[in-house]
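**Student:** Supplied structure: start.csv, CSV, C-alpha atoms.
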chain,number,residue,atom,x,y,z
K,1,MET,CA,106.9,3.2,-63.8
K,2,ALA,CA,108.1,5.7,-61.1
K,3,ALA,CA,105.6,8.0,-59.5
K,4,THR,CA,107.3,11.1,-60.9
K,5,GLU,CA,107.1,9.7,-64.4
K,6,ARG,CA,103.4,8.8,-64.1
K,7,THR,CA,102.7,12.4,-63.0
K,8,ALA,CA,104.7,13.9,-65.9
K,9,ASN,CA,102.8,11.7,-68.4
K,10,LYS,CA,99.5,13.1,-67.2
K,11,GLY,CA,100.5,16.4,-68.8
K,12,ARG,CA,101.4,15.0,-72.2
K,13,ALA,CA,99.2,14.2,-75.2
K,14,HIS,CA,98.6,10.5,-75.7
K,15,GLY,CA,100.1,9.8,-79.1
K,16,ALA,CA,98.3,6.6,-79.8
K,17,LEU,CA,95.0,8.6,-80.1
K,18,LEU,CA,96.4,11.3,-82.3
K,19,GLN,CA,98.1,9.7,-85.3
K,20,GLY,CA,96.1,10.8,-88.4
K,21,LYS,CA,93.9,13.1,-86.3
K,22,VAL,CA,93.2,16.8,-87.0
K,23,ALA,CA,93.1,19.3,-84.1
K,24,VAL,CA,92.1,23.0,-84.0
K,25,VAL,CA,93.7,25.0,-81.2
K,26,THR,CA,92.7,28.6,-80.8
K,27,GLY,CA,95.2,31.1,-79.5
K,28,ALA,CA,98.0,28.8,-80.4
K,29,ASN,CA,100.7,31.4,-80.9
K,30,ARG,CA,101.6,31.9,-77.2
K,31,GLY,CA,101.2,30.6,-73.6
K,32,LEU,CA,99.0,27.7,-73.0
K,33,GLY,CA,97.8,27.5,-76.6
K,34,LEU,CA,101.4,27.1,-77.9
K,35,GLU,CA,102.1,24.4,-75.3
K,36,ILE,CA,98.9,22.6,-76.2
K,37,ALA,CA,99.5,22.8,-79.9
K,38,ALA,CA,103.1,21.7,-79.6
K,39,SER,CA,102.2,18.6,-77.5
K,40,LEU,CA,99.4,17.6,-79.9
K,41,ALA,CA,101.7,18.0,-82.9
K,42,ALA,CA,104.5,16.0,-81.2
K,43,ALA,CA,102.0,13.2,-80.6
K,44,GLY,CA,101.2,13.0,-84.3
K,45,ALA,CA,98.1,15.2,-84.8
K,46,ALA,CA,97.8,17.7,-87.7
K,47,VAL,CA,97.3,20.9,-85.8
K,48,VAL,CA,95.5,24.0,-87.1
K,49,LEU,CA,97.1,27.0,-85.3
K,50,ALA,CA,94.0,29.3,-85.2
K,51,CYS,CA,95.4,32.8,-84.3
K,52,ARG,CA,94.3,36.4,-84.6
K,53,ASP,CA,97.7,37.4,-86.2
K,54,LEU,CA,98.6,35.1,-89.0
K,55,GLY,CA,102.2,36.2,-88.8
K,56,LYS,CA,102.5,35.2,-85.2
K,57,ALA,CA,100.8,31.9,-86.1
K,58,GLY,CA,103.6,31.3,-88.6
K,59,GLN,CA,106.2,32.1,-85.9
K,60,ALA,CA,104.5,29.6,-83.5
K,61,ALA,CA,104.7,27.0,-86.2
K,62,GLY,CA,108.5,27.6,-86.4
K,63,LEU,CA,108.9,27.2,-82.7
K,64,ILE,CA,106.8,24.0,-82.6
K,65,ARG,CA,108.9,22.5,-85.4
K,66,GLN,CA,112.0,23.1,-83.4
K,67,ARG,CA,110.5,20.9,-80.7
K,68,ALA,CA,108.7,18.4,-83.0
K,69,PRO,CA,110.5,18.2,-86.4
K,70,GLY,CA,108.2,17.2,-89.2
K,71,ALA,CA,105.1,18.4,-87.3
K,72,ALA,CA,102.0,18.9,-89.5
K,73,LEU,CA,100.9,22.4,-88.8
K,74,GLU,CA,98.4,24.7,-90.6
K,75,PRO,CA,98.5,28.4,-89.5
K,76,MET,CA,95.1,30.1,-90.1
K,77,ALA,CA,93.7,33.5,-89.2
K,78,LEU,CA,90.9,33.6,-86.6
K,79,ASP,CA,89.8,36.6,-84.6
K,80,LEU,CA,87.2,35.6,-82.0
K,81,ALA,CA,86.3,39.3,-81.5
K,82,GLU,CA,84.8,39.4,-85.0
K,83,LEU,CA,81.9,37.2,-86.1
K,84,ALA,CA,82.8,37.7,-89.8
K,85,SER,CA,86.4,36.4,-89.1
K,86,ILE,CA,84.9,33.4,-87.3
K,87,ARG,CA,82.7,32.6,-90.3
K,88,ARG,CA,85.6,33.0,-92.7
K,89,PHE,CA,87.8,30.7,-90.6
K,90,ALA,CA,85.1,28.0,-90.3
K,91,THR,CA,84.5,28.1,-94.1
K,92,ALA,CA,88.2,27.8,-94.8
K,93,CYS,CA,88.7,25.1,-92.2
K,94,ALA,CA,85.8,23.0,-93.5
K,95,GLY,CA,87.2,23.4,-97.1
K,96,ARG,CA,90.6,22.2,-95.9
K,97,PHE,CA,89.5,19.3,-93.6
K,98,PRO,CA,86.5,17.0,-94.2
K,99,THR,CA,86.7,15.9,-90.5
K,100,LEU,CA,87.9,17.4,-87.3
K,101,ASP,CA,88.8,15.2,-84.3
K,102,LEU,CA,89.6,17.8,-81.7
K,103,LEU,CA,88.7,21.5,-81.0
K,104,VAL,CA,90.5,23.1,-78.2
K,105,ASN,CA,88.9,26.5,-77.5
K,106,ASN,CA,91.9,28.0,-75.7
K,107,ALA,CA,92.0,31.6,-76.8
K,108,SER,CA,90.8,34.1,-74.2
K,109,ALA,CA,90.6,37.8,-73.4
K,110,ILE,CA,92.1,38.0,-69.9
K,111,LEU,CA,91.6,41.0,-67.6
K,112,VAL,CA,91.3,43.6,-70.3
K,113,PRO,CA,89.9,47.1,-69.8
K,114,ARG,CA,86.3,47.8,-70.7
K,115,GLY,CA,85.9,47.5,-74.4
K,116,GLU,CA,83.8,46.0,-77.1
K,117,THR,CA,84.3,43.5,-79.9
K,118,ARG,CA,83.6,44.5,-83.5
K,119,ASP,CA,80.1,43.2,-83.1
K,120,GLY,CA,79.4,45.3,-80.0
K,121,PHE,CA,79.9,42.6,-77.3
K,122,GLU,CA,81.7,43.3,-74.1
K,123,THR,CA,85.2,42.0,-74.8
K,124,HIS,CA,85.5,39.2,-72.2
K,125,MET,CA,82.0,37.8,-72.9
K,126,GLY,CA,82.4,38.4,-76.7
K,127,VAL,CA,85.7,36.6,-77.0
K,128,ASN,CA,85.6,34.0,-74.3
K,129,HIS,CA,81.9,32.9,-74.7
K,130,LEU,CA,80.1,34.3,-77.7
K,131,GLY,CA,83.0,33.9,-80.1
K,132,THR,CA,83.7,30.4,-78.9
K,133,PHE,CA,80.0,29.6,-79.1
K,134,ALA,CA,79.9,30.7,-82.7
K,135,LEU,CA,83.1,28.9,-83.7
K,136,THR,CA,82.0,25.6,-82.2
K,137,GLY,CA,78.6,25.7,-83.8
K,138,LEU,CA,80.1,26.4,-87.2
K,139,LEU,CA,82.6,23.5,-86.9
K,140,LEU,CA,80.3,21.0,-85.3
K,141,ASP,CA,79.4,19.3,-88.6
K,142,ARG,CA,83.1,18.5,-89.2
K,143,LEU,CA,83.5,17.3,-85.6
K,144,GLY,CA,80.5,15.1,-85.9
K,145,ALA,CA,81.8,13.5,-89.1
K,146,ALA,CA,85.0,12.3,-87.4
K,147,GLY,CA,83.3,9.4,-85.7
K,148,SER,CA,84.7,10.2,-82.2
K,149,ALA,CA,85.6,13.9,-81.5
K,150,ARG,CA,86.2,16.1,-78.5
K,151,ILE,CA,85.6,19.7,-77.7
K,152,VAL,CA,87.7,21.2,-74.9
K,153,ASN,CA,86.7,24.6,-73.6
K,154,THR,CA,89.1,26.6,-71.3
K,155,SER,CA,87.6,28.0,-68.2
K,156,SER,CA,89.3,29.5,-65.1
K,157,LEU,CA,89.3,29.4,-61.3
K,158,ALA,CA,87.9,33.0,-61.7
K,159,HIS,CA,84.5,31.5,-62.5
K,160,ARG,CA,84.1,30.8,-58.8
K,161,MET,CA,84.6,34.5,-57.9
K,162,ALA,CA,82.0,36.0,-60.2
K,163,LYS,CA,78.7,37.2,-58.9
K,164,ALA,CA,75.5,35.4,-59.8
K,165,PHE,CA,75.1,35.2,-63.5
K,166,ASP,CA,72.8,37.8,-65.0
K,167,ILE,CA,71.5,36.6,-68.3
K,168,ASP,CA,70.0,40.0,-69.0
K,169,ASP,CA,73.4,41.8,-68.6
K,170,LEU,CA,75.8,39.8,-70.7
K,171,GLN,CA,77.4,43.0,-71.9
K,172,TYR,CA,78.1,44.2,-68.4
K,173,ARG,CA,76.3,47.5,-68.6
K,174,ASN,CA,74.6,47.5,-65.2
K,175,GLY,CA,76.9,48.8,-62.5
K,176,PRO,CA,80.6,49.6,-62.4
K,177,TYR,CA,82.9,47.7,-64.7
K,178,ARG,CA,85.4,45.4,-62.9
K,179,GLU,CA,87.9,43.5,-65.0
K,180,MET,CA,88.1,40.4,-62.8
K,181,GLU,CA,84.3,40.2,-62.4
K,182,ALA,CA,83.8,40.5,-66.2
K,183,TYR,CA,86.4,37.9,-66.8
K,184,GLY,CA,85.0,35.5,-64.2
K,185,ARG,CA,81.5,35.8,-65.6
K,186,SER,CA,82.8,35.0,-69.1
K,187,LYS,CA,84.5,31.9,-67.7
K,188,LEU,CA,81.3,30.9,-65.9
K,189,ALA,CA,79.5,31.2,-69.2
K,190,THR,CA,82.2,28.9,-70.7
K,191,LEU,CA,81.1,26.2,-68.2
K,192,LEU,CA,77.4,26.7,-68.7
K,193,PHE,CA,78.0,26.4,-72.4
K,194,THR,CA,80.2,23.3,-72.1
K,195,PHE,CA,77.8,21.3,-70.0
K,196,GLU,CA,74.8,22.3,-72.0
K,197,LEU,CA,76.6,21.5,-75.2
K,198,ASP,CA,77.4,18.0,-73.9
K,199,ARG,CA,73.8,17.5,-72.8
K,200,ARG,CA,72.6,18.4,-76.3
K,201,LEU,CA,75.2,16.2,-78.0
K,202,ARG,CA,74.1,13.2,-75.9
K,203,ARG,CA,70.5,13.8,-76.7
K,204,ALA,CA,71.2,14.0,-80.4
K,205,GLY,CA,73.4,10.9,-80.3
K,206,LEU,CA,76.3,12.6,-81.9
K,207,PRO,CA,79.8,11.0,-81.5
K,208,VAL,CA,81.3,14.1,-79.9
K,209,ILE,CA,81.9,15.0,-76.2
K,210,ALA,CA,82.4,18.4,-74.7
K,211,VAL,CA,84.6,18.9,-71.6
K,212,ALA,CA,86.2,21.8,-69.8
K,213,ALA,CA,89.6,22.4,-68.2
K,214,HIS,CA,91.3,25.2,-66.3
K,215,PRO,CA,95.1,25.8,-65.9
K,216,GLY,CA,95.2,26.8,-62.3
K,217,TRP,CA,97.6,29.6,-61.7
K,218,SER,CA,99.8,29.6,-64.8
K,219,ASN,CA,102.4,32.2,-65.6
K,220,THR,CA,101.3,33.0,-69.2
K,221,ASN,CA,101.4,36.8,-68.8
K,222,PRO,CA,104.6,37.5,-66.8
K,223,ASP,CA,104.5,41.2,-67.6
K,224,ARG,CA,100.8,41.8,-66.5
K,225,GLY,CA,100.1,43.6,-63.2
K,226,GLY,CA,102.2,45.5,-60.8
K,227,VAL,CA,105.4,44.5,-58.9
K,228,LEU,CA,103.6,42.5,-56.3
K,229,MET,CA,101.7,40.4,-58.9
K,230,ARG,CA,104.9,39.7,-60.9
K,231,LEU,CA,106.6,38.6,-57.7
K,232,MET,CA,103.7,36.3,-56.8
K,233,ASN,CA,103.8,34.9,-60.3
K,234,ASP,CA,107.5,34.2,-60.0
K,235,LEU,CA,107.0,32.4,-56.6
K,236,MET,CA,103.7,30.6,-57.1
K,237,ALA,CA,102.6,30.2,-60.7
K,238,GLN,CA,103.1,27.1,-62.9
K,239,ALA,CA,105.0,27.2,-66.1
K,240,PRO,CA,102.8,27.3,-69.2
K,241,ALA,CA,103.6,23.6,-70.0
K,242,GLN,CA,102.2,22.6,-66.6
K,243,GLY,CA,99.2,24.9,-67.0
K,244,ALA,CA,98.4,23.2,-70.3
K,245,ALA,CA,98.3,19.8,-68.7
K,246,PRO,CA,94.6,19.8,-67.7
K,247,ALA,CA,93.5,20.7,-71.2
K,248,LEU,CA,95.8,18.0,-72.7
K,249,TYR,CA,94.4,15.5,-70.3
K,250,ALA,CA,90.9,16.4,-71.3
K,251,ALA,CA,91.7,16.3,-74.9
K,252,THR,CA,93.6,13.0,-75.1
K,253,MET,CA,93.3,10.8,-72.1
K,254,PRO,CA,91.3,7.6,-72.6
K,255,GLY,CA,88.1,7.3,-70.6
K,256,VAL,CA,87.3,11.0,-70.4
K,257,GLN,CA,83.5,11.5,-70.2
K,258,GLY,CA,81.5,14.3,-71.6
K,259,GLY,CA,80.6,17.0,-69.2
K,260,GLU,CA,83.7,16.5,-67.0
K,261,PHE,CA,85.9,19.4,-65.8
K,262,PHE,CA,89.7,19.1,-65.2
K,263,GLY,CA,92.2,21.2,-63.4
K,264,PRO,CA,95.4,21.0,-61.3
K,265,GLY,CA,95.2,18.5,-58.4
K,266,GLY,CA,97.3,20.5,-55.9
K,267,LEU,CA,96.2,22.9,-53.1
K,268,GLN,CA,93.2,25.0,-54.1
K,269,GLU,CA,93.7,23.7,-57.7
K,270,LEU,CA,96.4,26.3,-58.3
K,271,ARG,CA,99.0,23.9,-59.5
K,272,GLY,CA,99.9,20.2,-59.8
K,273,PRO,CA,99.1,17.3,-62.1
K,274,PRO,CA,95.6,17.3,-63.7
K,275,ARG,CA,92.6,15.6,-62.2
K,276,ARG,CA,88.8,15.9,-62.4
K,277,VAL,CA,87.6,18.9,-60.4
K,278,GLU,CA,84.2,20.5,-59.6
K,279,ALA,CA,82.7,23.6,-60.9
K,280,ARG,CA,80.5,25.9,-58.8
K,281,PRO,CA,76.9,24.6,-58.7
K,282,GLU,CA,75.5,27.4,-60.8
K,283,ALA,CA,77.6,26.1,-63.8
K,284,ARG,CA,75.4,22.9,-63.7
K,285,ASP,CA,72.1,24.8,-63.8
K,286,ALA,CA,70.5,23.4,-66.9
K,287,ALA,CA,67.7,26.0,-67.0
K,288,LEU,CA,70.1,28.9,-66.9
K,289,ALA,CA,72.3,27.2,-69.5
K,290,ALA,CA,69.4,26.8,-71.8
K,291,LYS,CA,68.6,30.5,-71.5
K,292,LEU,CA,72.2,31.4,-72.2
K,293,TRP,CA,72.2,29.2,-75.2
K,294,GLU,CA,69.1,30.9,-76.6
K,295,ARG,CA,70.6,34.3,-76.0
K,296,SER,CA,73.9,33.3,-77.6
K,297,GLU,CA,72.1,32.1,-80.7
K,298,GLN,CA,70.3,35.4,-80.9
K,299,LEU,CA,73.4,37.5,-80.5
K,300,THR,CA,75.7,35.6,-82.8
K,301,GLY,CA,73.2,34.5,-85.4
K,302,VAL,CA,74.7,31.0,-85.2
K,303,LYS,CA,72.2,28.1,-85.0
K,304,TYR,CA,73.4,24.6,-84.2
K,305,ARG,CA,71.7,22.9,-87.2
K,306,VAL,CA,72.4,19.4,-86.1
K,307,PHE,CA,70.3,19.9,-83.0
K,308,ALA,CA,67.5,21.8,-84.8
K,309,GLU,CA,67.3,19.0,-87.3
K,310,GLY,CA,67.0,16.5,-84.6
K,311,ARG,CA,70.0,14.4,-85.8
Can I see the file as structure tokens?
**Tutor:**
Amino acid sequence: MAATERTANKGRAHGALLQGKVAVVTGANRGLGLEIAASLAAAGAAVVLACRDLGKAGQAAGLIRQRAPGAALEPMALDLAELASIRRFATACAGRFPTLDLLVNNASAILVPRGETRDGFETHMGVNHLGTFALTGLLLDRLGAAGSARIVNTSSLAHRMAKAFDIDDLQYRNGPYREMEAYGRSKLATLLFTFELDRRLRRAGLPVIAVAAHPGWSNTNPDRGGVLMRLMNDLMAQAPAQGAAPALYAATMPGVQGGEFFGPGGLQELRGPPRRVEARPEARDAALAAKLWERSEQLTGVKYRVFAEGR
């Protein structure tokens, strides 16, 4: 096999693993989520397109079927900015599918102005961490029932740019609000959650692994920012299909281990084929992660029963 073909294959879902499998992809109607969902569907998985706007989820299903005729797709409404919506989705999903093989927590709030979710959480932290924490906990029974499942959480290079994590200021109320700082902290929370989740899964002996991925610099929002940012996007950013490659690698590649982190293998992890990468050391702080877990349970009201029951 030529080197270029081997590189290309690293960004594709591995079909032998996906025939007869069920995958949930959040934020599947555009950008990275659309690419991830399309690749999983093309490889044989039945894919739940979990999107805030059900109409856009249906449009995404049409686009995916153009690329993968006969794809098994299930558009479903999910708003990670509302705990009630997350609970409705989890109940509906559990009623539709007795087992889930893959959960790709892709949906994110990215560099949005100061705001709050319907439950009063700062938007970045509420969507990117607390909403994802709640969704994962509510679906964990179905994932555990699959026999061998994966949870892939989407982080970002921005996690390295955030200041030290303040467990007492998750809502970003102390000091001036900066969009990049808030976004970066939420993506650091994603990694703290992922690695702590995997530790707890291992201790409980559940047949599920949790891993993380980041897309590098991917041009998923071409209209965001000023003229300079758009020019830099045009010159330097990867296409969404390339940006989706680390998540697909984490989701489907044989041999992936729980607690691993994947990103582009090129210069500064901005672009290139996927490989295992390192998070900033704070992301591996088990004591900090345990505190974040406890606070997340308190804020969302979601308890991971399988751990509480010692199973």
**Student:** Would you compute the distance between CA of Ala279 in chain K and CA of Tyr183 in chain K? Give it in Å to one decimal.
**Tutor:**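 We find that CA of Ala279 in chain K and CA of Tyr183 in chain K lie 15.9 Å from each other.
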**Student:** Give me, as a list in words, all polymer residues having an atom no more than 6 Å from Ala60 in chain K, counting all atoms listed in the file and skipping those fewer than 3 positions away in the same chain.
**Tutor:**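 Here the answer would be Asn29, Ala57 and Leu63 of chain K.
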**Student:** May I ask which of the residues K:Ala213, K:Val104, K:Val112, K:Ala146 is the closest one to Pro274 in chain K, counting all atoms listed in the file?
**Tutor:** K:Ala213
**Student:** Which is closer to Leu292 in chain K than all the others in K:Leu102, K:Leu139, K:Leu188, K:Ala90, using all atoms listed in the file?
**Tutor:**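 Closest to Leu292 in chain K of all the choices is K:Leu188.
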**Student:** Report, in Å to a single decimal, how far apart CA of Ala23 in chain K and CA of Ala37 in chain K are.
**Tutor:**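 According to the coordinates, CA of Ala37 in chain K and CA of Ala23 in chain K are separated by 8.4 Å.
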**Student:** Measuring between all atoms listed in the file, which one of K:Ala158, K:Leu32, K:Val22, K:Ala84 shows the shortest distance to Thr99 in chain K?
**Tutor:**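 Using all atoms listed in the file, the shortest distance to Thr99 in chain K belongs to K:Val22.
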**Student:** Which of these residues is nearest to Leu78 in chain K, using all atoms listed in the file: K:Gly126, K:Gly44, K:Gly27, K:Gly95?
**Tutor:**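 Going through K:Gly126, K:Gly44, K:Gly27, K:Gly95 one by one, the smallest distance to Leu78 in chain K is for K:Gly27.
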**Student:** Counting only C-alpha atoms, which of K:Leu270, K:Gln19, K:Arg173, K:Ala92 gets nearest to Ala45 in chain K?
**Tutor:**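 Using only C-alpha atoms, the shortest distance to Ala45 in chain K belongs to K:Gln19.
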